[in-house]
Structures are given as C-alpha cells and as structure tokens.
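Engineer: Take this structure, written in structure tokens, and hold onto it; I'll ask about it next.
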Amino acid sequence: MRGNALKMLAGIAVLSMGLSGCGAGGQSSAPKDDIITFGISEPSNPLVPGNTNERSGSLVVGMLFSGLVATKPDGSLVDEAAESVKANEDSSRFDVTLKSGGKFTDGTPVTSESFTKAWSYTANAKNGQLNSSFLSLIQGYDDLQKDGLKGDEQLSGLKVEDDTHFSISLNKPCSIFPTMLAYGGLAPLPESFYKDPKAFGEKPVGNGPYKFKAWKHGESIEVVPNPDYTGYYKPKNDGLTYKVYTDPKSEYADVQAGNLDVTGDVPATALRNLMSDKRLTGYSESGPRRLALGIPMDLAHFSGKEGTLRRRAISLALDRDAICTKIMNGMAEPAKDFSSKVIDGYSDSLKGNDVLSHDETKAKELWAQADAISPFEGQFVLSYSADDTNKDADQAIANELKNALGIDVKLNVFATKQEYKSALSDGKLNTAYNDYWGPDYPALENYLAPVYSTSAYQSGSNRDKYFNPEFDALLDKAASAASIDEANKTYQQAEEILLRDLPSIPIYNYNTVGAAAKGLKGVQFNWGGDPVLAFITKK
C-alpha cells in the first residue's frame with residue numbers, strides 16, 4: 001500500500017490494501033457501546049477495493065471486505081471466503097472452492113462471480129482502477145488493457161464452474177500467488193456495485209468483519225460488526241469509528257487525553273518519549289514500512305548518465321544514521337535494501353548497497369561529474385504533505401543535501417495528505433517526493449513489482465516512471481521459480497539493478513510504532529504494522 005499500501009491487508013491483518021485456522025475472535029462478549037476509535041487521514045478515493053491503494057482507505061476497506069484468504073497477525077495465511085485454493089503441479093492454475101453460505105451485508109450471496117466479475121472490472125483499463133496491476137498475472141489481462149473496451153469484458157483466465165467453484169489460470173507459474181490473494185484489492189463485489197459504482201463507494205456493501213454505517217467526510221467513518229461474518233477476524237468489540245485527522249500531533253494528543261483509543265501515526269516529536277509517556281501505552285517494534293526519496297526518471301538532470309550520477313550523489317550525501325538517531329529518535333533503521341528486514345528475502349549484503357552509505361566526499365565528486373555533463377541550475381524540489389509524520393525527516397533530507405552538495409533545495413508542502421496523494425496519483429507532481437511504501441502482502445516481490453515494474457506505471461504505483469526490461473525480466477523469472485527461496489534469490493538480483501539505477505533512494509525502515517489509550521485490552525500490531533482493530537476492547 002504506497003502510503004501503506006499498507007494497504008488493504010492492514011485492517012484485518014490482511015493488511016490494507018496490499019494472504020488456516022479457526023477464528024481467534026469468537027462471539028463477542030464485550031459490553032455494549034464498546035466502540036474503538038482509530039485515527040486516519042481522509043481516504044483519497046471512495047471505498048471500493050479495486051480502487052483503494054493508500055493506507056487510510058485500505059484500513060477501512062480491509063474491515064468491510066474479505067477476500068479468498070487473509071493473513072493472521074504473524075503473516076501466515078488463513079482461509080476467509082475460500083474453503084480451499086489448490087495449485088496444480090507448476091502453480092500456473094489454481095482451483096478455488098468457496099465456503100457455502102457467504103453473504104454480503106445486503107443479504108445477497110457471495111458466489112464465484114462475485115470474485116471473477118470484481119477482478120475483471122478492476123483489471124479492465126476502461127474502468128481506471130488503481131489496483132489493476134495486481135491482476136496482471138491472470139490470463140487475459142493484456143486484452144483488457146486495449147483501447148475501445150466497454151468496461152464489462154471479463155478476464156479469460158477466470159472460469160466459473162458453479163456458485164462455489166472457479167479456476168484461475170495464470171500467464172505463467174507463480175508460487176507466491178496464494179500470498180498475493182490476501183491483498184484487499186482482490187475482494188469480491190456484490191451485483192449492486194455495477195449499477196452505480198460511485199454511489200457504492202460512498203456506502204459500500206461488503207462481506208468482511210464489519211459493515212458500513214456512516215461516512216462524514218473530513219470527520220469520521222463508522223462501521224459495526226457484521227453478524228453474517230464467520231471468518232478469522234470475528235469482532236470482539238461493538239464497532240469501529242475511524243476519526244479523520246489532518247495533523248498527527250493533534251491525533252497523538254487525543255490519545256494522550258483519552259479522546260482517541262488507538263493511533264498508528266506517532267509524530268517524530270513524540271517518538272523520544274513514546275515508551276515512557278504515562279498517559280498512554282506506547283508500542284515500538286521492527287516493522288515493514290519504508291521511506292525513500294522518489295525522483296521521477298523524467299525530471300530534468302535526472303535521466304541518463306547524468307541522472308545516475310546525481311542519484312548516487314544524493315544517496316551518498318544522506319547521513320541515514322543521523323536521521324534515524326536524531327530525527328526518528330532511534331525508532332528507525334537505515335535502509336540496506338528496498339524492502340524490510342521483517343520480510344522473508346531481505347538482505348543487508350546486496351551487491352551495490354554501499355550506495356546507501358554516507359560518503360559526503362564521494363557525493364561531491366559525483367555531483368561535479370554530473371555538472372560536467374550538464375550544469376545543474378535552479379532548485380531541487382522535494383514535495384510532501386504538512387500532515388505527514390515523515391515531514392521532519394524530509395526537512396532533514398533537504399538540509400543535508402543543501403550542506404553536502406551546495407544546492408538550493410525547496411520544500412514544496414501540500415496542505416493535506418489527501419491533496420499530496422492526489423497529485424502523486426494524477427502524475428502532476430513533477431518533483432522529488434516522499435516515497436512511502438508499506439507492503440500489501442508479506443513477500444519481497446511486493447516491494448518491487450508494484451512499484452518499479454513497467455506494468456505498474458499506469459495501473460500501479462510506479463510514480464518514478466522507471467522502465468527497465470532487465471529488471472522486468474528478473475521479476476518474471478522469480479515469479480516462475482519452483483520455491484519461495486529460489487524466487488527470493490532472483491528478486492535480490494532485481495534489487496541489485498535498482499541499487500544501480502536508484503529510481504528512488506531508500507532512506508530508512510522505521511519501526512512499527514503506535515499508541516493506545518490506557519485501559520484497552522487486546523492491542524497488538526500485525527506483520528504489516530497496523531493494529532488488529534477487530535480484537536481490541538475496552539473491558
């Protein structure tokens with residue numbers, strides 16, 4: 001989920017939204033009015049799974065919808081709508097059996113077509129859905145990217161046998177596909193969606209742990225337990241109220257004052273005292289989220305040989321240890337690759353990762369070499385939002401570039417995170433930017449394909465406009481590997497290409513941090529770094 005991502009899986013440890021056992025929740029014994037409040041920013045888009053790929057919207061969508069599978073808090077897979085998902089010998093075809101009796105909150109049944117039609121709608125370029133690229137492995141995806149489509153064409157790789165059985169045929173083998181199915185963008189949709197998608201997004205009808213109650217834009221979103229939900233994340237509380245904030249400091253202050261139950265956004269200024277603050281309960285542990293400096297490949301002075309020199313110079317100019325220690329107060333770790341050490345496949349010894357070290361002398365040399373090709377004129381502009389919890393780090397990055405490279409760095413600050421994300425999504429930013437990424441599902445692949453592949457340019461999160469056939473070929477090779485370990489070795493080779501080209505520059509991986517009001521029970525944070533909201537109670 002950029003900027004979440006974490007995307008859909010977060011809310012139910014499916015995330016939100018970027019996958020077995022019995023339900024841990026069981027029937028709720030909580031007292032009435034046991035409503036848990038949680039802070040978010042205003043979702044960037046209506047609440048439709050296929051078009052939600054930022055953290056706030058994904059946290060809500062992840063509570064309202066359930067896909068075929070989900071992840072437990074530790075990242076292991078658990079069946080949700082699916083009774084089973086079985087692969088053939090080479091993982092190029094998957095046969096799905098749905099649990100019987102599944103319902104949407106409007107009372108209509110969850111059937112095979114609830115999935116196949118939803119996925120086809122998301123994949124179809126005519127419909128302009130942000131999560132389209134997550135379906136690119138399914139046969140027929142390329143046909144749905146052509147001009148002249150009506151919008152209702154179906155993915156040819158999806159075959160419905162009956163209401164509870166369908167098959168998924170892929171373009172090529174993919175051993176991690178079951179994990180990818182946990183991504184919240186692959187949730188089913190009821191027939192009512194297709195009658196009026198816009199209205200549906202304002203009052204969504206799902207099949208998840210909770211059902212929609214109300215959305216007061218700019219203020220709050222309310223959801224209540226779904227009595228027909230029988231999955232792993234059966235709510236233990238009486239509902240969730242997502243309170244909208246534009247300032248993380250205000251959000252944190254409300255937790256201190258007991259006016260907000262849980263936050264996953266702790267401002268940098270509060271990190272130093274997070275674990276000792278007696279007014280709340282603080283949480284800090286290794287997490288999956290990454291901050292990088294995004295630099296679109298088509299920016300003036302940042303393409304070709306000159307651009308490579310400047311990107312390396314900027315990376316070497318940054319003192320990541322100082323930023324993590326002084327700005328993040330020890331609650332972040334300097335980046336060593338493009339992923340996170342909590343993800344299987346992470347490596348801190350990739351070829352070329354010395355470019356992520358601090359060497360100001362070398363940085364000056366490389367910048368001078370780039371100037372010999374074409375002198376740098378004007379300003380280096382870095383964009384971020386005023387309500388971003390990383391803004392102090394962005395300011396530190398700007399200061400370090402000024403001091404190390406002697407360039408004029410301008411901070412372009414958007415008033416709200418929503419305005420900033422809209423500019424990113426619309427491709428109208430045309431500056432360097434705060435490149436935040438949280439995984440959609442627990443796989444190394446998710447830090448690479450959705451962000452840097454050619455196919456993720458218009459239908460994914462490739463905001464850097466990075467196109468490298470060699471990188472794409474390695475992604476294809478890894479996807480067809482016989483095992484996860486073999487796949488990860490190839491993904492690491494792809495990372496080494498990114499370390500050479502630096503379409504974005506990894507800065508740090510920060511801890512999963514959060515805060516909860518005193519007296520809450522069952523607070524835990526999942527593999528994706530978000531609280532497992534369904535299991536939190538007040539008594």
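Every chain in the structure tokens takes a letter, A first, then B, and so on in the order presented; its residues are numbered from 1, and the ligands are numbered from 1 following the presented order.
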Near His217 (chain A), counting only C-alpha atoms, which residues have an atom at most 10 Å away, once you skip same-chain residues fewer than 6 positions from it, shown as a PyMOL selection string?

Structural biologist: chain A and resi 42-43+202+244

Engineer: Return as a ChimeraX atom specification the full set of residues in region 157-236 of chain A whose backbone-based DSSP assignment is alpha helix (DSSP H).

Structural biologist: /A:177-180,192-195,197-202

Engineer: I want to know what sits within 9 Å of Glu419 (chain A), based on only C-alpha atoms, with residues of the same chain fewer than 4 positions away left out; could you give that as a PyMOL selection string?

Structural biologist: chain A and resi 44+385+414-415+423-424

Engineer: Include N, CA and C atoms and write out the residues we just selected as an mmCIF file, in the first residue's frame.

Structural biologist:
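The resulting file, again03.cif, is reproduced below:
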```
data_model
loop_
_atom_site.group_PDB
_atom_site.id
_atom_site.type_symbol
_atom_site.label_atom_id
_atom_site.label_comp_id
_atom_site.auth_asym_id
_atom_site.auth_seq_id
_atom_site.Cartn_x
_atom_site.Cartn_y
_atom_site.Cartn_z
ATOM 1 N N SER A 44 -8.418 8.803 0.140
ATOM 2 C CA SER A 44 -8.237 9.542 -1.107
ATOM 3 C C SER A 44 -9.335 9.281 -2.122
ATOM 4 N N SER A 385 3.509 16.351 2.377
ATOM 5 C CA SER A 385 2.321 16.993 2.931
ATOM 6 C C SER A 385 2.582 17.486 4.346
ATOM 7 N N PHE A 414 2.326 20.397 0.628
ATOM 8 C CA PHE A 414 0.888 20.358 0.399
ATOM 9 C C PHE A 414 0.169 20.493 1.735
ATOM 10 N N ALA A 415 -0.985 21.127 1.725
ATOM 11 C CA ALA A 415 -1.711 21.391 2.968
ATOM 12 C C ALA A 415 -2.157 20.108 3.657
ATOM 13 N N ALA A 423 -2.080 14.499 -6.114
ATOM 14 C CA ALA A 423 -1.084 14.993 -7.062
ATOM 15 C C ALA A 423 -0.174 13.865 -7.535
ATOM 16 N N LEU A 424 0.200 12.969 -6.616
ATOM 17 C CA LEU A 424 1.021 11.821 -6.984
ATOM 18 C C LEU A 424 0.277 10.897 -7.941
#
```

Engineer: Neighbours of Ser284 (chain A) within 9 Å (only C-alpha atoms; same-chain residues fewer than 4 positions away dropped), as a compact mmCIF listing (two decimals) with N, CA, C and O atoms, in the first residue's frame?

Structural biologist:
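Below you can see around04.txt, which holds the result:
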```
# COMPACT_ATOMS: atom_id res chain seq x y z
N LEU A 274 7.82 8.21 23.64
CA LEU A 274 6.69 7.32 23.38
C LEU A 274 6.57 6.22 24.42
O LEU A 274 5.49 5.97 24.96
N MET A 275 7.66 5.54 24.69
CA MET A 275 7.59 4.37 25.57
C MET A 275 7.54 4.72 27.05
O MET A 275 7.25 3.85 27.88
N MET A 331 13.98 5.09 16.46
CA MET A 331 12.87 4.20 16.12
C MET A 331 12.78 3.95 14.63
O MET A 331 11.71 3.67 14.10
N ASN A 511 10.36 1.62 12.61
CA ASN A 511 9.67 0.66 13.45
C ASN A 511 8.17 0.82 13.32
O ASN A 511 7.66 1.90 13.03
N THR A 512 7.47 -0.27 13.57
CA THR A 512 6.04 -0.16 13.79
C THR A 512 5.87 0.53 15.14
O THR A 512 6.29 0.00 16.17
N VAL A 513 5.32 1.71 15.10
CA VAL A 513 5.07 2.44 16.34
C VAL A 513 3.59 2.77 16.43
O VAL A 513 2.91 2.94 15.41
N GLY A 514 3.11 2.86 17.61
CA GLY A 514 1.71 3.19 17.82
C GLY A 514 1.49 3.55 19.26
O GLY A 514 2.38 3.43 20.11
N ALA A 515 0.31 4.02 19.54
CA ALA A 515 -0.04 4.38 20.90
C ALA A 515 -1.51 4.07 21.13
O ALA A 515 -2.33 4.20 20.23
```

Engineer: Got a sec: who's within 9 Å of Tyr252 (chain A), counting only C-alpha atoms, leaving out chain neighbours fewer than 4 positions off, as JSON, numbers by chain?

Structural biologist: {"A": [39, 247, 248, 256, 257, 260, 262, 263, 265, 266, 267, 270, 515]}

Engineer: Which of these, A:Tyr283, A:Tyr210, A:Phe177, A:Phe104, has the shortest distance to Ala87 (chain A) once you count only C-alpha atoms?

Structural biologist: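 Result for the nearest residue to Ala87 (chain A): A:Phe177.
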
Engineer: Check the smallest atom-to-atom distance from each of A:Asp387, A:Glu360, A:Asp371, A:Asp79 to Gly307 (chain A) using only C-alpha atoms, then report the winner.

Structural biologist: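 Under the stated criterion, the closest residue is A:Asp371.
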
Engineer: Using DSSP on the backbone coordinates, identify the residues of region 392-445 of chain A assigned to strand (DSSP E); present them as a CSV table (one decimal) with N, CA, C and O atoms, in the first residue's frame.

Structural biologist:
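Output file result_2.csv is given in full below:
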```csv
chain,number,residue,atom,x,y,z
A,409,VAL,N,17.7,23.7,-2.2
A,409,VAL,CA,16.6,22.7,-2.1
A,409,VAL,C,15.3,23.4,-1.6
A,409,VAL,O,15.3,24.1,-0.6
A,410,LYS,N,14.3,23.2,-2.4
A,410,LYS,CA,13.0,23.9,-2.0
A,410,LYS,C,12.0,22.8,-1.5
A,410,LYS,O,11.9,21.7,-2.1
A,411,LEU,N,11.4,23.1,-0.4
A,411,LEU,CA,10.4,22.1,0.1
A,411,LEU,C,9.0,22.6,-0.4
A,411,LEU,O,8.6,23.7,-0.1
A,412,ASN,N,8.3,21.7,-1.1
A,412,ASN,CA,7.0,22.0,-1.7
A,412,ASN,C,6.0,21.3,-0.8
A,412,ASN,O,5.8,20.1,-0.9
A,413,VAL,N,5.3,22.1,0.1
A,413,VAL,CA,4.5,21.5,1.1
A,413,VAL,C,3.0,21.6,0.7
A,413,VAL,O,2.5,22.7,0.5
A,414,PHE,N,2.3,20.4,0.6
A,414,PHE,CA,0.9,20.4,0.4
A,414,PHE,C,0.2,20.5,1.7
A,414,PHE,O,0.6,20.0,2.8
A,432,ALA,N,10.8,15.7,-6.9
A,432,ALA,CA,11.1,14.7,-6.0
A,432,ALA,C,10.0,14.6,-4.9
A,432,ALA,O,9.3,15.6,-4.7
A,433,TYR,N,9.9,13.5,-4.3
A,433,TYR,CA,8.8,13.4,-3.3
A,433,TYR,C,9.1,12.3,-2.2
A,433,TYR,O,10.0,11.5,-2.3
A,434,ASN,N,8.3,12.4,-1.2
A,434,ASN,CA,8.4,11.5,-0.1
A,434,ASN,C,7.7,10.2,-0.5
A,434,ASN,O,6.5,10.1,-0.7
A,435,ASP,N,8.6,9.2,-0.8
A,435,ASP,CA,8.1,7.9,-1.3
A,435,ASP,C,8.0,6.9,-0.2
A,435,ASP,O,8.9,6.2,0.2
A,436,TYR,N,6.8,6.9,0.3
A,436,TYR,CA,6.4,5.9,1.4
A,436,TYR,C,5.8,4.7,0.9
A,436,TYR,O,5.0,4.7,0.0
A,437,TRP,N,6.3,3.5,1.4
A,437,TRP,CA,5.7,2.3,0.9
A,437,TRP,C,5.5,1.3,2.1
A,437,TRP,O,6.4,1.0,2.8
```

Engineer: Nearest to Thr246 (chain A): which of A:Glu83, A:Asp388, A:Asp344, A:Glu333 is it, counting only C-alpha atoms?

Structural biologist: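 Between A:Glu83, A:Asp388, A:Asp344, A:Glu333, the residue approaching Thr246 (chain A) most closely is A:Asp388.
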